[in-house]
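A.B. asks: Before we start, here is the structure in question, set down as structure tokens.
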Amino acid sequence: MKQKLRADFEAAANAYLAAFCKKHGYDFEDARQSWVGGRVGEITEVADLFIDLRDIRTDIDHDAPKDEFVKWYDYCLRLSMIDHEILIPNYEHWLMGCPRKSEEEIAKLERLARNVKEAREALRYAVKSDKTTSFKN
């Protein structure tokens with residue numbers, strides 16, 4: 001029974017993946033071979049994107065517009081590269097029209113993140129090059 005359940009689950013996961021690949025023009029055979037760690041039904045690599053089966057199911061079950069998945073994926077990737085504390089919507093909430101940051105807000109956050117990175121680098125350089133500091137016990 002356990003083996004049949006697993007086989008049925010893997011068949012369903014691959015059926016969703018096939019529908020997703022067909023819809024978006026991705027190579028199904030490549031994606032089917034790319035389940036991370038061989039764990040069918042979890043995360044797979046599709047055209048250089050790492051995609052969870054939940055998001056594949058959401059895309060198909062909600063009959064999402066073709067370009068919406070990549071918009072959401074890029075939005076999430078961009079925000080996650082700015083700061084790990086920024087709340088990122090899941091795909092289902094995205095499709096439901098959840099609040100999201102405008103292009104201007106994202107650009108501002110990216111500029112601020114660059115400023116912080118540059119300031120950290122300047123601080124590290126200043127600390128490493130400061131030869132005048134000595135410690136006495």
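By order of appearance in the structure tokens: chains A, B, ..., then residues from 1 within every chain, and ligands from 1 in the order shown.
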Write out as an MDAnalysis selection string each polymer residue whose atoms come within 12 Å of Gln33 in chain A, counting only C-alpha atoms; drop sequence neighbours fewer than 5 positions from it.

C.D. replies: chainID A and resid 14 17:18 27:28 38:41 43:46

A.B. asks: I need the residues from that last selection saved to file as a CSV table (one decimal), in the first residue's frame (with C-alpha atoms), if you can.

C.D. replies:
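So again05.csv came out as:
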```csv
chain,number,residue,atom,x,y,z
A,14,ASN,CA,4.8,14.8,-12.5
A,17,LEU,CA,4.8,19.5,-13.5
A,18,ALA,CA,4.0,18.4,-17.1
A,27,ASP,CA,11.3,21.3,-21.0
A,28,PHE,CA,9.3,18.8,-19.0
A,38,GLY,CA,15.5,12.9,-6.3
A,39,ARG,CA,12.6,13.8,-4.1
A,40,VAL,CA,9.7,13.9,-6.5
A,41,GLY,CA,6.9,16.2,-5.5
A,43,ILE,CA,11.3,21.2,-5.3
A,44,THR,CA,12.5,20.9,-8.9
A,45,GLU,CA,14.7,23.0,-11.1
A,46,VAL,CA,12.8,24.3,-14.2
```

A.B. asks: From a backbone DSSP assignment, name each residue in chain A labelled strand (DSSP E or B), as a list in words.

C.D. replies: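 These are the residues in question: Trp35, Ile43, Thr44, Glu45, Val46, Leu49, Phe50, Ile51 and Asp52 of chain A.
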
A.B. asks: Using only C-alpha atoms, determine which residues lie at most 12 Å from Glu103 in chain A, disregarding the query and same-chain residues fewer than 5 positions distant; provide the list as a list in words.

C.D. replies: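 Near Glu103 in chain A, the qualifying residues are Tyr75, Arg78, Leu79, Lys108, Leu109 and Glu110 of chain A.
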
A.B. asks: Please provide the set of residues having any atom within 12 Å of Glu92 in chain A, restricted to only C-alpha atoms, with same-chain residues fewer than 3 positions apart removed, written as a short mmCIF file (atom, residue, chain, number, x, y, z; two decimals) with C-alpha atoms, in the first residue's frame.

C.D. replies:
```
data_model
loop_
_atom_site.label_atom_id
_atom_site.label_comp_id
_atom_site.auth_asym_id
_atom_site.auth_seq_id
_atom_site.Cartn_x
_atom_site.Cartn_y
_atom_site.Cartn_z
CA ARG A 54 2.87 23.90 -4.09
CA ASP A 55 3.57 26.79 -6.46
CA ILE A 56 3.23 24.56 -9.51
CA ARG A 57 -0.14 23.35 -8.19
CA THR A 58 -1.24 26.90 -7.42
CA ASP A 59 -0.35 28.02 -10.94
CA ILE A 60 -2.33 25.20 -12.53
CA ASP A 61 -5.25 25.03 -10.07
CA HIS A 62 -5.84 28.80 -10.24
CA ASP A 63 -5.35 28.92 -14.01
CA ALA A 64 -2.96 31.82 -13.43
CA GLU A 68 2.25 35.90 -13.60
CA PHE A 69 4.47 33.15 -12.20
CA TRP A 72 5.96 36.74 -8.75
CA ILE A 88 7.35 37.98 0.76
CA PRO A 89 3.93 36.82 -0.41
CA LEU A 95 -2.67 35.80 -7.38
CA MET A 96 -5.34 37.05 -4.97
CA GLY A 97 -3.89 40.56 -5.25
CA CYS A 98 -2.11 40.90 -1.93
#
```

A.B. asks: Identify, with DSSP run on backbone atoms, the residues in range 69-98 of chain A assigned to helix (DSSP H, G or I), and express the list as a list of chain:residue names.

C.D. replies: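 Residues meeting the helix (DSSP H, G or I) criterion: A:Phe69, A:Val70, A:Lys71, A:Trp72, A:Tyr73, A:Asp74, A:Tyr75, A:Cys76, A:Leu77, A:Arg78, A:Leu79, A:Ser80, A:Met81, A:Ile82, A:Tyr91, A:Glu92, A:His93, A:Trp94, A:Leu95.
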
A.B. asks: For CA of Asp8 in chain A and CA of Trp35 in chain A, determine how far apart the two atoms are, in Å to one decimal place.

C.D. replies: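 Interatomic distance, CA of Asp8 in chain A to CA of Trp35 in chain A: 16.2 Å.
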